[in-house]
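Peer 1: I'd like to ask some things about the structure below.
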Amino acid sequence: MAVAMTDTVINYSGLLHTKTNDSTRLLNAIYARGRTQGEGIVSTGVKKVNSIEFALSSDYSIPGGTQPAISENASLTAPTETNITRDQKKNCVQIFQEAVGVSYLKQSAVGTLGGINIANQQSNVLDEVDFQVAGVMEKIKKDLDYTLINGVYQEGSSNTVAWKSKGIINGLTNSKSEYTALSADFFSQAINAAFGRGFVFEDGALEMWVNPADLQKINEIYGGLNGFVQPASRTEGGFAIKTIMTDFGILDIDYDQYIPQGTMLILNMRELAIAEMDVPGKGTFFYEELARSGAAFKGQVYGQAGIDYGAAQKHILLTKSSGGGG
């Protein structure tokens, strides 16, 4: 980012409003709800790590149940040994970094206004450095929210290759169910299919996260079920479905702007945590001033984080198949 100067970042009067969607709903929910660790010990939604890579889960499979047919004579000889093998799933933290710069003159000239100038009005920003730092911190927050949903894993094989954290969607490819058209029955069918992959329905822990456009579709589906009639009113109308009842239990519904349309996530919120790797003496996300080479304030916001979604089989990924209609 270029250094902010008086002719590039103009002061204006009037209330400040962002033109971008600064919502980071899933990130906020993870920090707010946290995960269960040990015997009922509830942490915040943060997992502190001291290594770039960290373990998500160590998984194993046991063959499905069958009826043995072992005769008395056969039982005198031990059967061939079987082994239950294990593997490990992992993820990593990555760097989030933004820099700011403000010239001394720009920081000083709070009384110089652009646009219309009316008597006794003042700039809506009285400290340009603080405003720029707050802005890049908000950008990092949005980058983290996007990454925990959509991140594509990349190993930093050298110091010139960036570590990139794997997001939830890419981590759940083996926990996926596809649909061609959304219906109330589909959600129950998808949950039923997931039981064979080790999924457990936990009331109070599961939430379905969708794109805002798909939330509208869910409202259309469930709003028209069972002959539901809206009140005869000129001041009330519409639906705002917050939970849905499946054959296995209740799912709360929320939305995040960075979940792609046509993709839905049934997440066990107790399994989610933001993995943070602190910089000694500074913390995880922090602002620090940088060396000045001239008449400008310079600094950076820096952090190291990723997403720990635990065992993939604790969640369900729902995606629209190619050519799907609903």
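Naming scheme: A, B, ... for chains in displayed order of the structure tokens; residues 1 onward per chain; ligands 1 onward as shown.
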What are the nearest atom pairs, with distances in Å to one decimal, for all residues of region 41-132 of chain A that come at most 8 Å from region 160-178 of chain A, using only C-alpha atoms, set out by chain and rising residue number as a tab-separated table?

Peer 2:
residue	atom	partner	partner_atom	distance
A:Asn91	CA	A:Lys166	CA	6.2
A:Cys92	CA	A:Ser165	CA	5.1
A:Val93	CA	A:Ser165	CA	5.6
A:Gln94	CA	A:Trp163	CA	5.3
A:Ile95	CA	A:Trp163	CA	7.5

Peer 1: Hey, what's within 10 Å of Tyr258 (chain A) if we count only C-alpha atoms and toss same-chain stuff fewer than 5 positions away? As an mmCIF file with N, CA, C and O atoms, in the first residue's frame, please?

Peer 2:
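Result saved to selection.cif:
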data_model
loop_
_atom_site.group_PDB
_atom_site.id
_atom_site.type_symbol
_atom_site.label_atom_id
_atom_site.label_comp_id
_atom_site.auth_asym_id
_atom_site.auth_seq_id
_atom_site.Cartn_x
_atom_site.Cartn_y
_atom_site.Cartn_z
ATOM 1 N N SER A 23 -18.997 -8.232 7.075
ATOM 2 C CA SER A 23 -19.475 -9.340 7.888
ATOM 3 C C SER A 23 -18.509 -10.523 7.845
ATOM 4 O O SER A 23 -18.047 -10.923 6.776
ATOM 5 N N THR A 24 -18.194 -11.070 9.012
ATOM 6 C CA THR A 24 -17.361 -12.286 9.126
ATOM 7 C C THR A 24 -18.064 -13.209 10.124
ATOM 8 O O THR A 24 -17.550 -13.497 11.198
ATOM 9 N N ARG A 25 -19.210 -13.723 9.744
ATOM 10 C CA ARG A 25 -20.112 -14.369 10.693
ATOM 11 C C ARG A 25 -19.575 -15.715 11.204
ATOM 12 O O ARG A 25 -19.680 -16.018 12.386
ATOM 13 N N LEU A 26 -19.009 -16.530 10.316
ATOM 14 C CA LEU A 26 -18.513 -17.825 10.780
ATOM 15 C C LEU A 26 -17.301 -17.648 11.688
ATOM 16 O O LEU A 26 -17.188 -18.307 12.728
ATOM 17 N N LYS A 142 -11.379 -10.247 7.392
ATOM 18 C CA LYS A 142 -12.132 -10.789 6.263
ATOM 19 C C LYS A 142 -11.320 -11.847 5.517
ATOM 20 O O LYS A 142 -11.860 -12.869 5.083
ATOM 21 N N ASP A 143 -10.018 -11.626 5.384
ATOM 22 C CA ASP A 143 -9.158 -12.629 4.736
ATOM 23 C C ASP A 143 -9.165 -13.932 5.531
ATOM 24 O O ASP A 143 -9.183 -15.026 4.947
ATOM 25 N N ASP A 145 -11.577 -15.028 7.561
ATOM 26 C CA ASP A 145 -12.894 -15.644 7.401
ATOM 27 C C ASP A 145 -12.986 -16.370 6.058
ATOM 28 O O ASP A 145 -13.459 -17.511 5.985
ATOM 29 N N TYR A 146 -12.511 -15.717 4.984
ATOM 30 C CA TYR A 146 -12.521 -16.352 3.653
ATOM 31 C C TYR A 146 -11.643 -17.601 3.649
ATOM 32 O O TYR A 146 -12.031 -18.642 3.104
ATOM 33 N N THR A 147 -10.469 -17.503 4.265
ATOM 34 C CA THR A 147 -9.519 -18.615 4.248
ATOM 35 C C THR A 147 -10.040 -19.815 5.018
ATOM 36 O O THR A 147 -9.899 -20.960 4.573
ATOM 37 N N LEU A 148 -10.656 -19.604 6.180
ATOM 38 C CA LEU A 148 -11.128 -20.746 6.965
ATOM 39 C C LEU A 148 -12.258 -21.478 6.251
ATOM 40 O O LEU A 148 -12.502 -22.650 6.525
ATOM 41 N N ILE A 149 -12.917 -20.816 5.299
ATOM 42 C CA ILE A 149 -13.972 -21.474 4.519
ATOM 43 C C ILE A 149 -13.423 -22.048 3.223
ATOM 44 O O ILE A 149 -13.657 -23.219 2.890
ATOM 45 N N ASN A 150 -12.664 -21.258 2.465
ATOM 46 C CA ASN A 150 -12.286 -21.617 1.101
ATOM 47 C C ASN A 150 -10.806 -21.911 0.898
ATOM 48 O O ASN A 150 -10.391 -22.193 -0.231
ATOM 49 N N VAL A 210 -24.712 -21.436 5.255
ATOM 50 C CA VAL A 210 -25.039 -21.342 3.836
ATOM 51 C C VAL A 210 -24.701 -19.950 3.324
ATOM 52 O O VAL A 210 -24.430 -19.021 4.079
ATOM 53 N N ASN A 211 -24.739 -19.823 2.000
ATOM 54 C CA ASN A 211 -24.652 -18.529 1.342
ATOM 55 C C ASN A 211 -25.983 -17.786 1.540
ATOM 56 O O ASN A 211 -27.028 -18.422 1.615
ATOM 57 N N PRO A 212 -25.969 -16.461 1.629
ATOM 58 C CA PRO A 212 -27.240 -15.744 1.808
ATOM 59 C C PRO A 212 -28.294 -16.095 0.760
ATOM 60 O O PRO A 212 -29.488 -16.160 1.085
#

Peer 1: As an exercise, work out the distance from CA of Ala311 (chain A) to CA of Phe186 (chain A) in Å and give it to one decimal place.

Peer 2: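 Pair CA of Ala311 (chain A) / CA of Phe186 (chain A) returns 23.3 Å.
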
Peer 1: Do you have the CA of Ala291 (chain A)-CA of Lys139 (chain A) distance handy?

Peer 2: 23.0 Å

Peer 1: Would you pick out the contacts of Asp185 (chain A) at 12 Å or less, using only C-alpha atoms, so that residues sharing its chain but fewer than 2 positions from it are not included, and give the list as a count of residues only?

Peer 2: 18

Peer 1: With only C-alpha atoms as the counted atoms, please give the residues lying no more than 7 Å from Asn219 (chain A), apart from itself and same-chain residues fewer than 5 positions off, as a list in words.

Peer 2: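 Near Asn219 (chain A), the qualifying residues are Phe239, Ala240 and Ile241 of chain A.
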
Peer 1: Please, could you write that set of residues out with all heavy atoms as a PDB file, in the first residue's frame?

Peer 2:
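Result file result35.pdb:
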ATOM      1  N   PHE A 239     -40.947 -15.006   5.522  1.00  0.00           N
ATOM      2  CA  PHE A 239     -40.466 -16.055   6.406  1.00  0.00           C
ATOM      3  C   PHE A 239     -39.042 -15.723   6.845  1.00  0.00           C
ATOM      4  O   PHE A 239     -38.285 -15.106   6.104  1.00  0.00           O
ATOM      5  CB  PHE A 239     -40.455 -17.412   5.685  1.00  0.00           C
ATOM      6  CG  PHE A 239     -41.790 -17.798   5.100  1.00  0.00           C
ATOM      7  CD1 PHE A 239     -42.080 -17.546   3.760  1.00  0.00           C
ATOM      8  CD2 PHE A 239     -42.752 -18.418   5.876  1.00  0.00           C
ATOM      9  CE1 PHE A 239     -43.288 -17.897   3.223  1.00  0.00           C
ATOM     10  CE2 PHE A 239     -43.973 -18.784   5.347  1.00  0.00           C
ATOM     11  CZ  PHE A 239     -44.256 -18.520   4.014  1.00  0.00           C
ATOM     12  N   ALA A 240     -38.697 -16.151   8.030  1.00  0.00           N
ATOM     13  CA  ALA A 240     -37.321 -15.999   8.527  1.00  0.00           C
ATOM     14  C   ALA A 240     -36.980 -17.286   9.285  1.00  0.00           C
ATOM     15  O   ALA A 240     -36.994 -17.333  10.511  1.00  0.00           O
ATOM     16  CB  ALA A 240     -37.182 -14.780   9.425  1.00  0.00           C
ATOM     17  N   ILE A 241     -36.696 -18.358   8.526  1.00  0.00           N
ATOM     18  CA  ILE A 241     -36.421 -19.662   9.111  1.00  0.00           C
ATOM     19  C   ILE A 241     -35.050 -19.634   9.786  1.00  0.00           C
ATOM     20  O   ILE A 241     -34.037 -19.380   9.139  1.00  0.00           O
ATOM     21  CB  ILE A 241     -36.468 -20.765   8.045  1.00  0.00           C
ATOM     22  CG1 ILE A 241     -37.806 -20.735   7.285  1.00  0.00           C
ATOM     23  CG2 ILE A 241     -36.232 -22.123   8.678  1.00  0.00           C
ATOM     24  CD1 ILE A 241     -39.009 -21.001   8.141  1.00  0.00           C
TER      25      ILE A 241
END

Peer 1: Grab the CA of Ala29 (chain A) to CA of Ser58 (chain A) distance for me, in Å with one decimal place.

Peer 2: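 Computed distance, CA of Ala29 (chain A) to CA of Ser58 (chain A), equals 25.6 Å.
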
Peer 1: Apply DSSP to the backbone of this structure and, from region 78-226 of chain A, keep only the residues in helix (DSSP H, G or I); write these as JSON, numbers by chain.

Peer 2: {"A": [104, 105, 106, 107, 108, 128, 129, 130, 131, 132, 133, 134, 135, 136, 137, 138, 139, 140, 141, 142, 143, 144, 145, 146, 147, 148, 149, 150, 168, 169, 170, 171, 173, 174, 175, 184, 185, 186, 187, 188, 189, 190, 191, 192, 193, 194, 195, 196, 197, 212, 213, 214, 215, 216, 217, 218, 219, 220, 221, 222, 223, 225, 226]}

Peer 1: Rank nothing, just name the residue among A:Arg234, A:Ile10, A:Pro260, A:Phe54 nearest to Gly115 (chain A), using only C-alpha atoms.

Peer 2: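 Of the candidates, the smallest distance to Gly115 (chain A) is held by A:Ile10.
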
Peer 1: Can you tell me which residues surround Arg197 (chain A) at a distance of at most 10 Å, considering only C-alpha atoms, apart from same-chain residues fewer than 4 positions away, and format the answer as JSON, numbers by chain?

Peer 2: {"A": [61, 174, 175, 192, 193, 312, 313, 314, 315, 316]}

Peer 1: Once you have the residues from the selection above, write them out as a PDB file, in the first residue's frame, restricted to N, CA and C atoms.

Peer 2:
ATOM      1  N   SER A  61     -10.368 -46.971  10.655  1.00  0.00           N
ATOM      2  CA  SER A  61     -11.629 -47.566  10.224  1.00  0.00           C
ATOM      3  C   SER A  61     -11.711 -48.997  10.734  1.00  0.00           C
ATOM      4  N   ASN A 174     -14.234 -35.742   1.568  1.00  0.00           N
ATOM      5  CA  ASN A 174     -14.657 -37.127   1.810  1.00  0.00           C
ATOM      6  C   ASN A 174     -15.907 -37.205   2.671  1.00  0.00           C
ATOM      7  N   SER A 175     -16.471 -36.063   3.026  1.00  0.00           N
ATOM      8  CA  SER A 175     -17.711 -36.013   3.815  1.00  0.00           C
ATOM      9  C   SER A 175     -18.794 -35.290   3.033  1.00  0.00           C
ATOM     10  N   ASN A 192     -28.371 -39.015   7.061  1.00  0.00           N
ATOM     11  CA  ASN A 192     -28.427 -40.477   7.149  1.00  0.00           C
ATOM     12  C   ASN A 192     -27.233 -41.106   6.437  1.00  0.00           C
ATOM     13  N   ALA A 193     -26.885 -40.588   5.259  1.00  0.00           N
ATOM     14  CA  ALA A 193     -25.745 -41.125   4.513  1.00  0.00           C
ATOM     15  C   ALA A 193     -24.435 -40.885   5.259  1.00  0.00           C
ATOM     16  N   ALA A 312     -12.854 -34.633  10.006  1.00  0.00           N
ATOM     17  CA  ALA A 312     -13.751 -34.267   8.910  1.00  0.00           C
ATOM     18  C   ALA A 312     -15.105 -34.966   9.020  1.00  0.00           C
ATOM     19  N   GLN A 313     -15.117 -36.191   9.553  1.00  0.00           N
ATOM     20  CA  GLN A 313     -16.368 -36.942   9.622  1.00  0.00           C
ATOM     21  C   GLN A 313     -17.356 -36.369  10.633  1.00  0.00           C
ATOM     22  N   LYS A 314     -16.927 -35.381  11.418  1.00  0.00           N
ATOM     23  CA  LYS A 314     -17.828 -34.712  12.352  1.00  0.00           C
ATOM     24  C   LYS A 314     -18.700 -33.670  11.657  1.00  0.00           C
ATOM     25  N   HIS A 315     -18.432 -33.413  10.378  1.00  0.00           N
ATOM     26  CA  HIS A 315     -19.142 -32.391   9.626  1.00  0.00           C
ATOM     27  C   HIS A 315     -19.678 -32.992   8.321  1.00  0.00           C
ATOM     28  N   ILE A 316     -20.513 -32.231   7.619  1.00  0.00           N
ATOM     29  CA  ILE A 316     -21.048 -32.667   6.333  1.00  0.00           C
ATOM     30  C   ILE A 316     -20.941 -31.510   5.340  1.00  0.00           C
TER      31      ILE A 316
END

Peer 1: If you run DSSP on this backbone, which residues of region 22-225 of chain A come out as strand (DSSP E or B), and could you give them as a ChimeraX atom specification?

Peer 2: /A:36-37,41-42,46-48,53-60,86-92,94-103,154,164,176-179,206-210

Peer 1: So that I can check the surroundings of Ile84 (chain A), please list as an MDAnalysis selection string every protein, DNA and RNA residue that reaches within 9 Å of it, counting only C-alpha atoms and ignoring chain neighbours fewer than 2 positions away.

Peer 2: chainID A and resid 60:62 82 86

Peer 1: Using only C-alpha atoms, which of the listed residues (A:Met264, A:Leu317, A:Ala305, A:Ala275) sits closest to Phe199 (chain A)?

Peer 2: A:Leu317

Peer 1: May I have the residues within 12 Å of region 116-125 of chain A as a list in words, using only C-alpha atoms and disregarding those fewer than 2 positions away in the same chain?

Peer 2: Val9, Ile10, Asn11, Tyr12, Ser13, Gly14, Leu15, Leu16, His17, Lys106, Gln107, Ser108, Ala109, Val110, Gly111, Thr112, Leu113, Gly114, Asp127, Glu128, Val129, Asp130, Phe131, Gln132 and Ala134 of chain A

Peer 1: Quick one: write out the picked residues with N, CA, C and O atoms as a CSV table (one decimal), in the first residue's frame?

Peer 2:
chain,number,residue,atom,x,y,z
A,9,VAL,N,-5.3,10.7,-0.1
A,9,VAL,CA,-6.3,10.3,0.9
A,9,VAL,C,-6.9,11.6,1.4
A,9,VAL,O,-6.3,12.3,2.2
A,10,ILE,N,-8.1,11.9,0.9
A,10,ILE,CA,-8.7,13.3,1.1
A,10,ILE,C,-9.5,13.2,2.4
A,10,ILE,O,-10.2,12.3,2.7
A,11,ASN,N,-9.5,14.3,3.2
A,11,ASN,CA,-10.3,14.5,4.3
A,11,ASN,C,-11.7,15.0,3.9
A,11,ASN,O,-11.8,15.9,3.1
A,12,TYR,N,-12.7,14.4,4.5
A,12,TYR,CA,-14.1,14.9,4.2
A,12,TYR,C,-14.8,15.0,5.5
A,12,TYR,O,-14.5,14.3,6.5
A,13,SER,N,-15.9,15.8,5.5
A,13,SER,CA,-16.8,15.9,6.7
A,13,SER,C,-17.9,14.9,6.4
A,13,SER,O,-18.1,14.4,5.3
A,14,GLY,N,-18.7,14.6,7.5
A,14,GLY,CA,-19.8,13.7,7.3
A,14,GLY,C,-19.6,12.3,8.0
A,14,GLY,O,-18.4,12.0,8.2
A,15,LEU,N,-20.6,11.6,8.3
A,15,LEU,CA,-20.5,10.3,8.9
A,15,LEU,C,-19.8,9.3,8.0
A,15,LEU,O,-20.1,9.2,6.8
A,16,LEU,N,-18.9,8.5,8.6
A,16,LEU,CA,-18.2,7.5,7.9
A,16,LEU,C,-19.1,6.2,7.7
A,16,LEU,O,-19.7,5.7,8.7
A,17,HIS,N,-19.1,5.7,6.5
A,17,HIS,CA,-19.8,4.4,6.2
A,17,HIS,C,-19.0,3.6,5.2
A,17,HIS,O,-18.5,4.1,4.2
A,106,LYS,N,0.2,14.6,6.1
A,106,LYS,CA,-1.1,14.1,6.1
A,106,LYS,C,-1.7,13.9,7.5
A,106,LYS,O,-2.8,14.2,7.8
A,107,GLN,N,-0.8,13.4,8.4
A,107,GLN,CA,-1.3,13.2,9.7
A,107,GLN,C,-1.6,14.5,10.4
A,107,GLN,O,-2.4,14.5,11.3
A,108,SER,N,-0.9,15.5,10.0
A,108,SER,CA,-1.1,16.9,10.7
A,108,SER,C,-2.2,17.6,10.1
A,108,SER,O,-2.9,18.4,10.9
A,109,ALA,N,-2.6,17.5,8.8
A,109,ALA,CA,-3.5,18.4,8.2
A,109,ALA,C,-4.9,17.9,8.3
A,109,ALA,O,-5.7,17.8,7.4
A,110,VAL,N,-5.4,17.8,9.6
A,110,VAL,CA,-6.8,17.3,9.8
A,110,VAL,C,-7.8,18.4,9.5
A,110,VAL,O,-9.0,18.2,9.4
A,111,GLY,N,-7.3,19.7,9.4
A,111,GLY,CA,-8.3,20.7,9.1
A,111,GLY,C,-8.4,21.0,7.6
A,111,GLY,O,-9.2,21.9,7.2
A,112,THR,N,-7.7,20.3,6.8
A,112,THR,CA,-7.8,20.5,5.3
A,112,THR,C,-8.8,19.5,4.8
A,112,THR,O,-8.7,18.3,4.9
A,113,LEU,N,-9.9,20.1,4.3
A,113,LEU,CA,-11.1,19.3,3.8
A,113,LEU,C,-11.3,19.3,2.3
A,113,LEU,O,-11.1,20.4,1.7
A,114,GLY,N,-11.7,18.2,1.8
A,114,GLY,CA,-12.2,18.2,0.4
A,114,GLY,C,-13.7,18.2,0.3
A,114,GLY,O,-14.4,18.2,1.4
A,127,ASP,N,-7.3,11.1,13.2
A,127,ASP,CA,-6.0,10.4,13.3
A,127,ASP,C,-5.9,9.4,12.2
A,127,ASP,O,-6.5,8.3,12.2
A,128,GLU,N,-5.2,9.8,11.1
A,128,GLU,CA,-5.1,9.0,9.9
A,128,GLU,C,-4.5,7.7,10.1
A,128,GLU,O,-4.9,6.7,9.6
A,129,VAL,N,-3.4,7.6,11.0
A,129,VAL,CA,-2.7,6.4,11.3
A,129,VAL,C,-3.7,5.4,11.9
A,129,VAL,O,-3.8,4.2,11.5
A,130,ASP,N,-4.5,5.8,12.9
A,130,ASP,CA,-5.4,4.9,13.6
A,130,ASP,C,-6.5,4.4,12.6
A,130,ASP,O,-6.8,3.3,12.6
A,131,PHE,N,-6.9,5.3,11.7
A,131,PHE,CA,-7.9,4.9,10.7
A,131,PHE,C,-7.4,3.9,9.7
A,131,PHE,O,-8.0,2.9,9.4
A,132,GLN,N,-6.2,4.0,9.3
A,132,GLN,CA,-5.6,3.1,8.3
A,132,GLN,C,-5.3,1.8,9.0
A,132,GLN,O,-5.5,0.7,8.4
A,134,ALA,N,-6.9,0.5,11.6
A,134,ALA,CA,-8.2,-0.2,11.8
A,134,ALA,C,-8.7,-0.8,10.5
A,134,ALA,O,-9.3,-1.9,10.5
